[in-house]
Amino acid sequence: MKIRQLEYFMHVVNTLNITHAAERANVSQPALSRQVQLLEEELGTRLVDRRPRGVALTPAGQRLADHVRALMQNVELIKEDIIAAETMPAGSLRISSAYSLRGLLIADVVAEFHRLYPQVNLEIHEGVSINVREELVTRHVDLAIYSDHGASRGLNRQALCSEGLVLLASPAAGLRMDTPVPSASLVGLDLVLTPSPNGLRRVVEDLLPPSATLRNPPVIVETNSIIVDLVSRGGLHSILPYSACHQAYTRGEISIAPVAGVTWPWVIATSRDRPRTAAMRVFTELLLGHARQLAADGVWITAELPPED
């Protein structure tokens, strides 16, 4: 007994006419009749009585029709269940994100995702972009958000946004967001920088004029929070994405100004050789939606968003 034979039989049941059933099944009349005949032979009983004008179901044919209707309903339920499993987040989701995005974006998105889908087990990692990307490559996480300055073999990447880098100083320095600073002016500053290898450190070094010598060796600090704390005390400067210092800036703990001629790209990445789950899809949608809202509200003041599909 084959599924196609049952489908052909149900066309006969619904039309009580072999010709009309064949038209609905998009097969020839002899082919459909042959399949019904094979079904009858397998079951050892007649399913339909041929009449001058159409056919009538035998008692065995009616019983089979009832069973097939129930079977088709179960098939639809199975289909709906599988689709729901693919569209509703479930299971677990492991995320790694760059430090810089925590206060402005990631914390709110994680909280919103958990509020909407509390059944999903969330695991959140943080680090510098090079380490965040490595966690994705080595399959320690399912989804990563980092600054895209490296290779992308084996990864699917989607642009989150680009943003400007800003120079940080104490409030007394009086830096202003409407007054960009040229990269040449960085040479005379005492800087707090991230360690190497690091994408931000590489970009900052590229900003310095050739053969430039800093006034003093930079203070090397790994985390943004300590960088901001040091700068707020006066005397030191640093260069970070705006997202990394947004909260300190809005609290008045530092002053900032755009660094002319440089942008910082953020991407959302997944592995190409792993299936994209519903949890990954929904979290990505929340990330993009929050980023758009922050830009529209004038909160993420340096963000440049990719075009919407």
# chains A, B, ... in the order shown; residues from 1 in each chain; ligands from 1

call {"tool": "select_by_dssp", "arguments": {"residues": "stretch 157-199 of chain A", "states": "strand (DSSP E)", "output": "ChimeraX atom specification"}}
result
/A:157-169,191-193

call {"tool": "closest_atom_pairs", "arguments": {"of": "stretch 198-280 of chain A", "to": "stretch 171-180 of chain A", "cutoff": "7 Å", "atoms": "only C-alpha atoms", "output": "JSON lines"}}
result
{"residue": "A:Gly252", "atom": "CA", "partner": "A:Pro171", "partner_atom": "CA", "distance": 6.9}
{"residue": "A:Glu253", "atom": "CA", "partner": "A:Pro171", "partner_atom": "CA", "distance": 6.3}
{"residue": "A:Ile254", "atom": "CA", "partner": "A:Pro171", "partner_atom": "CA", "distance": 4.7}
{"residue": "A:Ser255", "atom": "CA", "partner": "A:Pro171", "partner_atom": "CA", "distance": 4.8}
{"residue": "A:Ile256", "atom": "CA", "partner": "A:Leu175", "partner_atom": "CA", "distance": 5.0}
{"residue": "A:Ala257", "atom": "CA", "partner": "A:Met177", "partner_atom": "CA", "distance": 4.4}
{"residue": "A:Pro258", "atom": "CA", "partner": "A:Pro180", "partner_atom": "CA", "distance": 4.6}
{"residue": "A:Val259", "atom": "CA", "partner": "A:Pro180", "partner_atom": "CA", "distance": 5.6}
{"residue": "A:Ala260", "atom": "CA", "partner": "A:Pro180", "partner_atom": "CA", "distance": 5.6}

call {"tool": "write_last_selection", "arguments": {"atoms": "N, CA and C atoms", "output": "mmCIF file, in the first residue's frame"}}
result
data_model
loop_
_atom_site.group_PDB
_atom_site.id
_atom_site.type_symbol
_atom_site.label_atom_id
_atom_site.label_comp_id
_atom_site.auth_asym_id
_atom_site.auth_seq_id
_atom_site.Cartn_x
_atom_site.Cartn_y
_atom_site.Cartn_z
ATOM 1 N N GLY A 252 28.193 61.609 32.058
ATOM 2 C CA GLY A 252 29.080 62.756 32.228
ATOM 3 C C GLY A 252 30.435 62.416 32.812
ATOM 4 N N GLU A 253 30.809 61.135 32.804
ATOM 5 C CA GLU A 253 32.082 60.722 33.400
ATOM 6 C C GLU A 253 33.263 60.976 32.480
ATOM 7 N N ILE A 254 33.020 61.111 31.177
ATOM 8 C CA ILE A 254 34.068 61.355 30.195
ATOM 9 C C ILE A 254 33.540 62.335 29.154
ATOM 10 N N SER A 255 34.440 62.912 28.390
ATOM 11 C CA SER A 255 34.062 63.655 27.190
ATOM 12 C C SER A 255 34.625 62.896 25.991
ATOM 13 N N ILE A 256 33.972 63.015 24.853
ATOM 14 C CA ILE A 256 34.385 62.250 23.676
ATOM 15 C C ILE A 256 34.256 63.106 22.423
ATOM 16 N N ALA A 257 35.003 62.705 21.394
ATOM 17 C CA ALA A 257 34.922 63.352 20.081
ATOM 18 C C ALA A 257 35.196 62.298 19.018
ATOM 19 N N PRO A 258 34.533 62.377 17.869
ATOM 20 C CA PRO A 258 34.787 61.393 16.802
ATOM 21 C C PRO A 258 36.220 61.499 16.296
ATOM 22 N N VAL A 259 36.814 60.351 15.990
ATOM 23 C CA VAL A 259 38.104 60.331 15.314
ATOM 24 C C VAL A 259 37.820 60.372 13.818
ATOM 25 N N ALA A 260 38.339 61.374 13.142
ATOM 26 C CA ALA A 260 38.001 61.597 11.736
ATOM 27 C C ALA A 260 38.469 60.436 10.856
#

call {"tool": "closest_residue", "arguments": {"among": "A:Ser170, A:Ser225, A:Ser97, A:Ser28", "to": "A:Leu143", "atoms": "only C-alpha atoms"}}
result
A:Ser97

call {"tool": "closest_residue", "arguments": {"among": "A:Gln37, A:Ser196, A:Thr213, A:Gln73", "to": "A:Ala184", "atoms": "only C-alpha atoms"}}
result
A:Thr213

call {"tool": "closest_residue", "arguments": {"among": "A:Ile18, A:Ser129, A:Ala269, A:Ala296", "to": "A:Asn156", "atoms": "only C-alpha atoms"}}
result
A:Ala269

call {"tool": "residues_around", "arguments": {"residues": "stretch 102-104 of chain A", "least_positions_apart": "3", "cutoff": "7 Å", "atoms": "only C-alpha atoms", "output": "ChimeraX atom specification"}}
result
/A:99,107,243,246-247

call {"tool": "closest_residue", "arguments": {"among": "A:Thr45, A:Asn121, A:Ser185, A:Ser100", "to": "A:Leu208", "atoms": "only C-alpha atoms"}}
result
A:Ser185
